[in-house]
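A quick write-up on the structure given underneath.
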Amino acid sequence: MTRSGKVVFSARNLTKIYQTGEVPVHALRGIDLELVSGEMVVILGPSGSGKSTFLNILGGLDQPTSGEVFYGDHNLVTSTEKELTAFRRDHVGFVFQFYNLIPTLTAEENVQLVTDISPHPMQASEALQMVGLTDRARHFPSQLSGGEQQRVAIARAVAKRPDILLCDEPTGALDFETGKKVLESILRVNQETGTLVAIITHNAAIAGLGDRVIRMANGLIQSITQNEKRKSLEEIEW
Amino acid sequence: MKLLNRKVFRELKILQAQTISISILIIAGVTLLVSSWSVYRSLNRCKDDYYQKNRFADLFGSFKSAPIELVNRLSQGHGIKAIEGRLVLDGLLSVPDVDEPAVGTFVSIPSGVQPVLNRLHIRKGRLPVEASEVEVVVHEAFAIAHHLGPGDELTVTIQGQMETLRIVGVAISPEYVYALSAQAPLPDDLHYGVFWIPKKHLERLAKMSEEMNNVVVELDHTVRQEEVMARLNVLLKPYGNREFQDRSRQLSNMFVEDEINEQKTIVILDPMIFITVAAFLIHTILSRLVAIQRPQIATLKSLGYTDLEISGHYLKLVFLIVLGGSVSGVIGGKFLGQALLTTYVSFFHFPSLDFSLNSTSVLLGLAAGIFPGLLGGWLSLRKVYQLSPVEAMRPPTPPSYQEGWIEALGLWRRQSSKQKLFWRNLIMKPMRLFVTIFGISAALAIIITANAWSDMLYYLLDTQFQRIQREDMSVGFLHPLPLSSMRELQKIKGVVSVEGYRTIPVRISFKNQKKELQLSGIPPDLQMLQKLDVNLHPIRIPEQGLLLTRYFEKEWGMKAGDHISIQTLEGELRVVDLPVMGFSDDMLGVSAVMNLDYFWKIFHEQPSYNVANLKLDPLRIQQAYIALKNRANVYSVVLKQQMYRGFQRSFVGMMKMFMNVVIVFAFLIAAGVIFNSVRIGFSEHAWEMTSLRVMGFEKNSVIALLLGETLVQMFLAIFPGFALGYGLVHSTAKAVHTETFGFPVVIYPETYLLSATVISLALVASSIWIVRKVSRMVLVEALKFRE
Ligand SMILES: Nc1ncnc2c1ncn2[C@@H]1O[C@H](COP(=O)(O)OP(=O)(O)OP(=O)(O)O)[C@@H](O)[C@H]1O
Ligand SMILES: [Mg+2]
């Protein structure tokens with residue numbers, strides 16, 4: 001680990017088994033990983049390899065079947081529902097493939113939804129500025145393009161000044177140019193605020209943007225690659 | 001198409017809760033409709049069968065007296081199939097188990113055999129025969145009220161002559177389905193009864209041998225009824241004839257038909273509301289389903305399914321729901337109808353009350369249950385046609401939302417974004433909001449209408465017996481008495497004060513309309529009998545002219561200043577033309593009132609009274625009673641309190657039974673509507689709410705957001721609901737305005753409160769559901785799908 005920093009997350013022997021069908025599905029089979037403050041991690045892997053499952057557990061949306069997840073010295077596995085809610089509210093920002101904006105609120109109001117309940121948020125306008133949407137603040141989601149909606153979602157996620165930003169295929173539904181703009185916003189958040197960012201993607205080209213690239217397969221971490229030098233957005237192509 | 005069918009059943013399962021609540025609405029509506037319609041038809045059929053089998057007469061005539069041989073002459077004209085002359089007389093009864101006297105109407109019949117017309121249906125015992133003892137058959141209603149049966153004895157005073165009667169049978173008759181005295185507008189079985197007695201005995205008691213004072217006629221319908229009546233009227237004129245009446249004016253029949261028709265009027269509206277609400281709900285739910293399944297629909301279209309096939313698929317879903325509801329409703333209607341009819345047995349004195357589920361009510365129920373729902377469903381399917389298959393390929397677009405008028409308000413900016421979210425969700429779909437408000441209002445209105453009937457009845461009886469009739473006891477005399485006689489009554493122990501007035505039976509006619517009623521002459525300062533206006537303020541009796549019940553203004557189109565003709569039906573025959581001065585708002589029956597001095601002048605009478613109203617010492621009522629009933633010349637003694645209770649028992653009881661059923665159903669409708677609104681609101685916002693939870697909102701604030709919406713909808717619905725309820729009550733009350741009841745539109749605050757409470761209960765039930773649902777929300781799953 002070249003980039004030295006405080007360990008933010010540490011997962012130990014994390015497993016997740018879904019018991020829904022007749023055959024249990026082993027979504028995670030034993031994950032060990034540490035995430036360090038300020039770094040940008042790209043998670044790659046084929047469909048069904050357990051990426052989303054892992055990220056959701058990190059973000060306090062889901063509980064593992066066994067293993068431990070520490071946020072700092074806080075054990076997420078033994079946390080109550082209430083503590084997890086507080087954890088998400090105070091520390092985590094989520095960005096999903098489908099932007100999950102509230103259709104009845106304008107861009108700015110969607111961001112305010114978060115700033116209203118966070119302990120030390122930034123101004124909603126500031127967050128929108130970070131994603132380059134100042135002039136769209138009063139538009140409703142239906143009046144925005146997909147990329148713009150996703151950038152609003154990012155602004156919403158970062159407005160609380162989260163310690164970690166978890167993005168699950170943020171560009172999955174977008175074309176190249178629009179995807180780039182979205183990634184630009186995410187990178188800017190990472191660089192300007194030092195927020196730890198974890199991005200799930202199917203797009204190997206994006207891997208160059210991260211400090212580390214984690215490849216998952218079959219519920220296990222297959223490899224972790226350290227990028228000597230992060231590529232800039234202009235350098236990548238897909 | 002096979003696969004689509006499977007989809008129908010899967011969706012029924014997913015929409016389980018909604019399916020159930022819509023079904024309940026349809027079941028409720030159809031059940032009410034089928035039961036009330038078949039009860040109505042069953043009652044009508046039982047009545048017609050009874051009338052036919054027991055040869056209920058077509059024409060009824062009464063007169064002072066005529067020789068019995070006159071019957072032969074009367075029967076010779078065309079159009080008459082059968083005719084029978086009888087004696088019909090009133091007597092004062094004393095019944096062993098009660099102190100209070102009662103009035104009995106005695107109808108003569110042949111010894112030991114059935115009369116030709118108005119045949120009796122013997123419930124117990126046998127027909128009376130001429131014997132040394134005076135045998136009678138008593139009407140069932142009176143027998144039940146006094147626990148009388150064959151073998152019992154009672155005493156009667158007819159024209160001053162006392163006689164002991166031996167009861168040998170209990171019977172009912174098509175002529176007296178309701179035992180109604182001409183004096184009281186409602187049946188009062190404790191104080192009024194009908195008896196059948198061998199002719200010879202009645203002749204002896206009445207001192208009218210070989211005479212008759214009443215004939216009944218059966219028509220063969222070869223000649224117009226009016227012609228027969230006219231001819232009979234002419235023939236009987238010399239004998240003090242009161243003019244023949246057909247069935248439509250016969251007291252018992254009038255009452256029976258009113259009661260049966262009321263069944264129809266009251267119950268048609270409520271089922272309609274149930275079904276309309278169900279149709280609206282189906283519309284909302286299906287619109288929602290189509291909106292959710294846009295991608296699926298688009299995909300089906302791109303696969304080559306036609307619009308018709310796809311909308312047919314959704315209609316099949318609706319059809320299954322409404323068909324299930326309607327069929328269950330018909331079955332429920334059969335059972336409810338049977339149950340209702342059983343409770344009516346004690347009310348309608350018919351030989352038997354057989355329930356039959358006739359085919360019209362089945363068809364009516366099925367049609368009313370199925371078509372509105374299908375229509376509601378069909379209308380929500382237009383979206384299917386508008387959808388282009390390309391949609392399947394596009395990423396979902398968020399529902400569009402525009403800044404509206406609320407935003408324009410300055411207040412808006414200061415709201416937190418959570419509050420904004422709340423208000424926008426509420427008004428984003430105005431049609432949905434409207435349907436929900438309409439549904440809740442309808443539920444409120446149904447509960448109000450159901451309960452308003454007992455409110456009105458209570459108000460009506462209360463006003464009649466507390467405000468209009470203020471006496472404790474009313475004493476009627478056979479012959480008018482001089483004014484001084486009131487002082488004698490005052491001396492009776494227990495009598496606190498006495499007021500006298502004068503009544504006479506008359507026939508009033510105005511334009512083509514005629515009616516027999518009691519005309520009263522009352523002193524203007526009378527305390528114990530007051531005429532009231534709409535606001536219950538006493539009306540001063542005008543010095544000249546008549547004060548009539550408002551019924552005549554409403555139904556006969558009379559105006560103050562019109563002249564009406566009055567013909568006396570007792571004593572010397574007089575016909576006078578008098579002006580109508582105004583109208584009073586009576587609750588029970590119809591009346592005509594004039595100033596007592598004016599009365600004496602018009603009818604050329606010496607000052608006299610024939611009715612005395614008494615105030616009694618509450619501790620000495622019994623004593624006063626006994627003293628009064630033993631006085632000569634006393635024709636009737638009525639204790640008001642007892643009459644009041646009797647009415648309450650029979651009417652309020654019967655109405656309550658039916659209304660309770662309606663209230664239960666109204667609760668179901670309220671619960672159905674509210675649950676659906678909460679349910680749809682939840683599924684619509686579930687995903688938003690999950691996002692909020694992901695962002696770190698507390699469970700409670702998410703629940704508050706959802707419930708708040710329903711709460712606001714409820715508040716918005718309360719006043720429209722009250723207004724709708726009032727409107728419905730108003731229109732139904734109007735529809736059942738009869739000569740017997742001048743239904744005032746009265747709804748007590750308790751009724752509004754009750755309806756609001758029932759709605760709140762439904763909200764509480766739905767809240768519990770929401771809380772459970774939000775608690776079980778699986779965050780990870782909800783985020784996987786766009787919906
Ligand atoms: N709720 C669930 N019930 C049962 N199995 C599940 C559930 N959620 C996920 N799985 C299974 O767990 C495994 C991992 O799923 P996960 O969503 O983490 O994959 P992923 O790597 O994010 O895939 P993708 O790239 O397609 O999003 C898959 O095999 C999936 O079928
Ligand atoms: Mg995934």
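In the structure tokens, the first chain shown is A, the next is B, and so on; residue numbers restart at 1 for each chain, and ligands run from 1 in the order shown.
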Could you please extract the residues within 12 Å of ligand 1, counting only C-alpha atoms and all ligand atoms, and hand them back as a tab-separated table (two decimals) with N, CA, C and O atoms, in the first residue's frame?
```
chain	number	residue	atom	x	y	z
A	15	THR	N	-18.64	-13.00	4.61
A	15	THR	CA	-19.41	-13.88	3.73
A	15	THR	C	-20.85	-13.43	3.72
A	15	THR	O	-21.35	-12.82	4.66
A	16	LYS	N	-21.50	-13.74	2.60
A	16	LYS	CA	-22.93	-13.45	2.51
A	16	LYS	C	-23.58	-14.60	1.75
A	16	LYS	O	-23.18	-14.92	0.63
A	17	ILE	N	-24.54	-15.22	2.39
A	17	ILE	CA	-25.24	-16.33	1.75
A	17	ILE	C	-26.71	-15.98	1.66
A	17	ILE	O	-27.34	-15.62	2.66
A	18	TYR	N	-27.27	-16.04	0.45
A	18	TYR	CA	-28.71	-15.81	0.28
A	18	TYR	C	-29.42	-17.14	0.32
A	18	TYR	O	-29.05	-18.07	-0.37
A	19	GLN	N	-30.42	-17.23	1.16
A	19	GLN	CA	-31.12	-18.50	1.33
A	19	GLN	C	-32.47	-18.53	0.61
A	19	GLN	O	-33.32	-19.33	0.93
A	20	THR	N	-32.62	-17.64	-0.36
A	20	THR	CA	-33.96	-17.48	-0.93
A	20	THR	C	-34.48	-18.73	-1.64
A	20	THR	O	-35.57	-19.19	-1.38
A	21	GLY	N	-33.66	-19.29	-2.55
A	21	GLY	CA	-34.14	-20.42	-3.34
A	21	GLY	C	-33.87	-21.74	-2.62
A	21	GLY	O	-33.66	-21.78	-1.40
A	22	GLU	N	-33.91	-22.82	-3.39
A	22	GLU	CA	-33.62	-24.11	-2.79
A	22	GLU	C	-32.13	-24.28	-2.56
A	22	GLU	O	-31.70	-24.89	-1.59
A	23	VAL	N	-31.37	-23.70	-3.51
A	23	VAL	CA	-29.91	-23.75	-3.37
A	23	VAL	C	-29.45	-22.42	-2.77
A	23	VAL	O	-29.81	-21.37	-3.25
A	24	PRO	N	-28.66	-22.47	-1.69
A	24	PRO	CA	-28.15	-21.21	-1.15
A	24	PRO	C	-27.16	-20.56	-2.12
A	24	PRO	O	-26.37	-21.26	-2.75
A	25	VAL	N	-27.23	-19.24	-2.25
A	25	VAL	CA	-26.32	-18.52	-3.13
A	25	VAL	C	-25.23	-17.89	-2.29
A	25	VAL	O	-25.51	-17.10	-1.39
A	26	HIS	N	-23.98	-18.27	-2.59
A	26	HIS	CA	-22.86	-17.68	-1.86
A	26	HIS	C	-22.41	-16.43	-2.59
A	26	HIS	O	-21.62	-16.49	-3.51
A	27	ALA	N	-22.95	-15.30	-2.21
A	27	ALA	CA	-22.64	-14.05	-2.90
A	27	ALA	C	-21.24	-13.58	-2.52
A	27	ALA	O	-20.51	-13.06	-3.34
A	28	LEU	N	-20.89	-13.73	-1.26
A	28	LEU	CA	-19.53	-13.41	-0.80
A	28	LEU	C	-19.00	-14.63	-0.07
A	28	LEU	O	-19.69	-15.20	0.78
A	29	ARG	N	-17.76	-14.97	-0.38
A	29	ARG	CA	-17.23	-16.20	0.22
A	29	ARG	C	-16.06	-15.97	1.16
A	29	ARG	O	-15.29	-16.88	1.44
A	43	ILE	N	-13.79	-1.10	-8.28
A	43	ILE	CA	-14.09	-2.52	-8.12
A	43	ILE	C	-14.62	-3.05	-9.45
A	43	ILE	O	-15.61	-2.55	-9.97
A	44	LEU	N	-13.93	-4.04	-9.98
A	44	LEU	CA	-14.32	-4.65	-11.25
A	44	LEU	C	-14.74	-6.09	-11.00
A	44	LEU	O	-14.40	-6.68	-9.98
A	45	GLY	N	-15.46	-6.64	-11.97
A	45	GLY	CA	-15.80	-8.05	-11.82
A	45	GLY	C	-17.01	-8.39	-12.64
A	45	GLY	O	-17.84	-7.52	-12.92
A	46	PRO	N	-17.12	-9.66	-13.02
A	46	PRO	CA	-18.27	-10.06	-13.83
A	46	PRO	C	-19.56	-9.94	-13.04
A	46	PRO	O	-19.56	-9.88	-11.81
A	47	SER	N	-20.63	-9.95	-13.79
A	47	SER	CA	-21.94	-9.84	-13.17
A	47	SER	C	-22.17	-11.00	-12.22
A	47	SER	O	-21.82	-12.14	-12.51
A	48	GLY	N	-22.70	-10.69	-11.07
A	48	GLY	CA	-23.01	-11.73	-10.09
A	48	GLY	C	-21.84	-12.10	-9.21
A	48	GLY	O	-21.93	-13.00	-8.39
A	49	SER	N	-20.73	-11.35	-9.33
A	49	SER	CA	-19.54	-11.70	-8.56
A	49	SER	C	-19.60	-11.19	-7.12
A	49	SER	O	-18.74	-11.52	-6.32
A	50	GLY	N	-20.63	-10.39	-6.80
A	50	GLY	CA	-20.80	-9.97	-5.41
A	50	GLY	C	-20.39	-8.54	-5.11
A	50	GLY	O	-20.34	-8.13	-3.96
A	51	LYS	N	-20.16	-7.74	-6.18
A	51	LYS	CA	-19.69	-6.37	-5.99
A	51	LYS	C	-20.70	-5.54	-5.19
A	51	LYS	O	-20.38	-4.92	-4.18
A	52	SER	N	-21.96	-5.55	-5.71
A	52	SER	CA	-22.97	-4.74	-5.05
A	52	SER	C	-23.19	-5.21	-3.62
A	52	SER	O	-23.36	-4.41	-2.70
A	53	THR	N	-23.19	-6.51	-3.45
A	53	THR	CA	-23.40	-7.06	-2.11
A	53	THR	C	-22.35	-6.52	-1.15
A	53	THR	O	-22.67	-6.08	-0.05
A	54	PHE	N	-21.13	-6.53	-1.59
A	54	PHE	CA	-20.04	-6.05	-0.75
A	54	PHE	C	-20.21	-4.57	-0.42
A	54	PHE	O	-20.12	-4.15	0.74
A	55	LEU	N	-20.48	-3.79	-1.45
A	55	LEU	CA	-20.61	-2.34	-1.26
A	55	LEU	C	-21.77	-2.01	-0.32
A	55	LEU	O	-21.67	-1.14	0.54
A	56	ASN	N	-22.87	-2.75	-0.50
A	56	ASN	CA	-24.04	-2.49	0.34
A	56	ASN	C	-23.75	-2.79	1.81
A	56	ASN	O	-24.24	-2.10	2.70
A	57	ILE	N	-22.92	-3.80	2.04
A	57	ILE	CA	-22.56	-4.11	3.43
A	57	ILE	C	-21.67	-3.02	4.00
A	57	ILE	O	-21.87	-2.54	5.11
A	62	ASP	N	-26.90	-3.44	4.37
A	62	ASP	CA	-27.14	-4.88	4.45
A	62	ASP	C	-26.19	-5.46	5.49
A	62	ASP	O	-25.19	-4.84	5.84
A	63	GLN	N	-26.51	-6.64	5.98
A	63	GLN	CA	-25.65	-7.29	6.97
A	63	GLN	C	-25.04	-8.55	6.38
A	63	GLN	O	-25.70	-9.27	5.63
A	64	PRO	N	-23.78	-8.81	6.70
A	64	PRO	CA	-23.16	-10.03	6.17
A	64	PRO	C	-23.66	-11.25	6.94
A	64	PRO	O	-24.25	-11.11	8.02
A	96	PHE	N	-26.15	5.56	-7.18
A	96	PHE	CA	-26.59	4.30	-7.80
A	96	PHE	C	-26.64	4.41	-9.31
A	96	PHE	O	-26.62	5.50	-9.88
A	97	GLN	N	-26.81	3.25	-9.94
A	97	GLN	CA	-26.89	3.24	-11.40
A	97	GLN	C	-28.11	4.03	-11.88
A	97	GLN	O	-28.03	4.84	-12.78
A	167	CYS	N	-20.17	4.24	-4.98
A	167	CYS	CA	-20.87	4.40	-6.25
A	167	CYS	C	-21.02	3.05	-6.92
A	167	CYS	O	-20.05	2.37	-7.20
A	168	ASP	N	-22.27	2.64	-7.17
A	168	ASP	CA	-22.54	1.35	-7.81
A	168	ASP	C	-22.92	1.59	-9.26
A	168	ASP	O	-24.03	2.03	-9.56
A	169	GLU	N	-22.01	1.34	-10.14
A	169	GLU	CA	-22.20	1.57	-11.57
A	169	GLU	C	-22.80	2.93	-11.88
A	169	GLU	O	-23.86	3.03	-12.46
A	170	PRO	N	-22.12	3.98	-11.49
A	170	PRO	CA	-22.69	5.33	-11.66
A	170	PRO	C	-22.84	5.72	-13.12
A	170	PRO	O	-23.67	6.55	-13.45
A	172	GLY	N	-23.38	3.41	-15.54
A	172	GLY	CA	-23.95	2.25	-16.22
A	172	GLY	C	-25.00	2.59	-17.25
A	172	GLY	O	-25.10	1.93	-18.27
A	199	ILE	N	-15.82	2.81	-6.37
A	199	ILE	CA	-16.69	2.78	-7.55
A	199	ILE	C	-16.77	1.37	-8.08
A	199	ILE	O	-15.74	0.72	-8.32
A	200	ILE	N	-18.00	0.87	-8.28
A	200	ILE	CA	-18.18	-0.40	-8.97
A	200	ILE	C	-18.39	-0.09	-10.43
A	200	ILE	O	-19.14	0.83	-10.77
A	201	THR	N	-17.77	-0.79	-11.28
A	201	THR	CA	-17.99	-0.57	-12.71
A	201	THR	C	-17.75	-1.86	-13.49
A	201	THR	O	-17.05	-2.76	-13.02
A	202	HIS	N	-18.34	-1.93	-14.66
A	202	HIS	CA	-18.05	-3.02	-15.58
A	202	HIS	C	-17.04	-2.60	-16.62
A	202	HIS	O	-16.67	-3.33	-17.51
A	203	ASN	N	-16.67	-1.35	-16.50
A	203	ASN	CA	-15.87	-0.73	-17.53
A	203	ASN	C	-14.40	-0.70	-17.12
A	203	ASN	O	-13.98	0.12	-16.32
A	215	ARG	N	-10.38	-6.63	-8.26
A	215	ARG	CA	-11.14	-7.49	-9.15
A	215	ARG	C	-11.81	-8.58	-8.34
A	215	ARG	O	-11.17	-9.27	-7.57
A	216	MET	N	-13.08	-8.73	-8.54
A	216	MET	CA	-13.82	-9.75	-7.80
A	216	MET	C	-14.31	-10.80	-8.77
A	216	MET	O	-14.61	-10.51	-9.92
A	217	ALA	N	-14.42	-12.04	-8.28
A	217	ALA	CA	-15.04	-13.10	-9.06
A	217	ALA	C	-15.58	-14.12	-8.09
A	217	ALA	O	-14.92	-14.45	-7.09
A	218	ASN	N	-16.82	-14.53	-8.36
A	218	ASN	CA	-17.34	-15.64	-7.56
A	218	ASN	C	-17.36	-15.40	-6.05
A	218	ASN	O	-17.12	-16.30	-5.27
A	219	GLY	N	-17.60	-14.17	-5.65
A	219	GLY	CA	-17.70	-13.87	-4.22
A	219	GLY	C	-16.36	-13.75	-3.52
A	219	GLY	O	-16.30	-13.73	-2.30
A	220	LEU	N	-15.29	-13.69	-4.30
A	220	LEU	CA	-13.96	-13.55	-3.69
A	220	LEU	C	-13.19	-12.43	-4.38
A	220	LEU	O	-13.48	-12.08	-5.53
A	221	ILE	N	-12.21	-11.87	-3.65
A	221	ILE	CA	-11.33	-10.90	-4.29
A	221	ILE	C	-10.25	-11.68	-5.01
A	221	ILE	O	-9.54	-12.51	-4.42
B	778	VAL	N	-36.77	-3.85	2.87
B	778	VAL	CA	-35.40	-4.33	2.66
B	778	VAL	C	-34.71	-3.35	1.74
B	778	VAL	O	-35.03	-3.24	0.56
B	779	LEU	N	-33.79	-2.61	2.31
B	779	LEU	CA	-33.20	-1.49	1.58
B	779	LEU	C	-32.52	-1.93	0.30
B	779	LEU	O	-32.68	-1.35	-0.76
B	780	VAL	N	-31.74	-3.02	0.40
B	780	VAL	CA	-30.93	-3.42	-0.73
B	780	VAL	C	-31.79	-3.81	-1.92
B	780	VAL	O	-31.52	-3.45	-3.06
B	781	GLU	N	-32.90	-4.52	-1.64
B	781	GLU	CA	-33.73	-5.01	-2.73
B	781	GLU	C	-34.43	-3.89	-3.46
B	781	GLU	O	-34.52	-3.87	-4.68
B	782	ALA	N	-34.91	-2.95	-2.67
B	782	ALA	CA	-35.68	-1.88	-3.26
B	782	ALA	C	-34.85	-1.07	-4.24
B	782	ALA	O	-35.37	-0.49	-5.17
B	783	LEU	N	-33.53	-1.06	-4.01
B	783	LEU	CA	-32.70	-0.23	-4.86
B	783	LEU	C	-32.33	-0.88	-6.17
B	783	LEU	O	-31.83	-0.25	-7.08
B	784	LYS	N	-32.57	-2.19	-6.25
B	784	LYS	CA	-32.16	-2.89	-7.46
B	784	LYS	C	-32.97	-2.49	-8.65
B	784	LYS	O	-32.50	-2.46	-9.77
B	785	PHE	N	-34.24	-2.25	-8.41
B	785	PHE	CA	-35.15	-1.98	-9.53
B	785	PHE	C	-35.59	-0.53	-9.51
B	785	PHE	O	-35.63	0.10	-8.47
```
B:Leu728 surroundings by only C-alpha atoms, 9 Å radius, close-in-sequence under 3 positions cut, as number ranges by chain: B: 269, 445-446, 448-449, 723-725, 731-733
In stretch 4-165 of chain A, DSSP alpha helix (DSSP H) residues written as a VMD selection string: chain A and resid 51 to 58 81 to 91 107 to 115 124 to 130 146 to 158
Which residue of A:Glu177, A:Asp163, A:Glu83, A:Glu235 approaches chain B most closely, using only C-alpha atoms: A:Glu83
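Our summary of the geometry notes that atom CA of B:Thr463 is positioned 21.8 Å from atom CA of B:Phe255.
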Chain B contacts on chain A, only C-alpha atoms, 6 Å, as a count of residues only: 8
All residues 12 Å or closer to B:Glu572, only C-alpha atoms, same chain fewer than 2 positions away omitted, as number ranges by chain: B: 64, 240, 504-506, 567-570, 574-575, 603-605
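Using only C-alpha atoms and all ligand atoms for every distance, the candidate list A:Asp73, A:Phe98, A:Pro121, A:Ala11 yields A:Phe98 as the residue closest to ligand 2.
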For B:Arg550: contacts at 8 Å, only C-alpha atoms, fewer than 5 positions along chain excluded, given as a list in words: Phe583, Ser584, Asp585 and Asp586 of chain B
Next, write the just-selected residues to a file, as a PDB file, in the first residue's frame, keeping all heavy atoms as the atom set.
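This is the output file again-v1.pdb:
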```pdb
ATOM      1  N   PHE B 583     -99.384  27.275   7.580  1.00  0.00           N
ATOM      2  CA  PHE B 583     -99.029  25.860   7.698  1.00  0.00           C
ATOM      3  C   PHE B 583     -98.159  25.618   8.920  1.00  0.00           C
ATOM      4  O   PHE B 583     -97.305  26.439   9.252  1.00  0.00           O
ATOM      5  CB  PHE B 583     -98.285  25.395   6.440  1.00  0.00           C
ATOM      6  CG  PHE B 583     -99.104  25.558   5.196  1.00  0.00           C
ATOM      7  CD1 PHE B 583     -98.989  26.703   4.418  1.00  0.00           C
ATOM      8  CD2 PHE B 583    -100.031  24.594   4.839  1.00  0.00           C
ATOM      9  CE1 PHE B 583     -99.763  26.866   3.292  1.00  0.00           C
ATOM     10  CE2 PHE B 583    -100.808  24.753   3.708  1.00  0.00           C
ATOM     11  CZ  PHE B 583    -100.680  25.891   2.935  1.00  0.00           C
ATOM     12  N   SER B 584     -98.398  24.487   9.552  1.00  0.00           N
ATOM     13  CA  SER B 584     -97.584  24.152  10.715  1.00  0.00           C
ATOM     14  C   SER B 584     -96.731  22.934  10.368  1.00  0.00           C
ATOM     15  O   SER B 584     -97.105  22.119   9.533  1.00  0.00           O
ATOM     16  CB  SER B 584     -98.476  23.825  11.910  1.00  0.00           C
ATOM     17  OG  SER B 584     -99.297  22.720  11.612  1.00  0.00           O
ATOM     18  N   ASP B 585     -95.568  22.828  11.011  1.00  0.00           N
ATOM     19  CA  ASP B 585     -94.664  21.725  10.696  1.00  0.00           C
ATOM     20  C   ASP B 585     -94.877  20.579  11.669  1.00  0.00           C
ATOM     21  O   ASP B 585     -94.121  20.409  12.617  1.00  0.00           O
ATOM     22  CB  ASP B 585     -93.224  22.229  10.708  1.00  0.00           C
ATOM     23  CG  ASP B 585     -92.963  23.098   9.503  1.00  0.00           C
ATOM     24  OD1 ASP B 585     -92.582  22.557   8.462  1.00  0.00           O
ATOM     25  OD2 ASP B 585     -93.200  24.317   9.596  1.00  0.00           O
ATOM     26  N   ASP B 586     -95.913  19.801  11.394  1.00  0.00           N
ATOM     27  CA  ASP B 586     -96.186  18.650  12.245  1.00  0.00           C
ATOM     28  C   ASP B 586     -95.240  17.526  11.885  1.00  0.00           C
ATOM     29  O   ASP B 586     -94.751  17.434  10.763  1.00  0.00           O
ATOM     30  CB  ASP B 586     -97.630  18.182  12.044  1.00  0.00           C
ATOM     31  CG  ASP B 586     -98.604  19.257  12.467  1.00  0.00           C
ATOM     32  OD1 ASP B 586     -98.376  19.863  13.520  1.00  0.00           O
ATOM     33  OD2 ASP B 586     -99.574  19.502  11.720  1.00  0.00           O
TER      34      ASP B 586
END
```
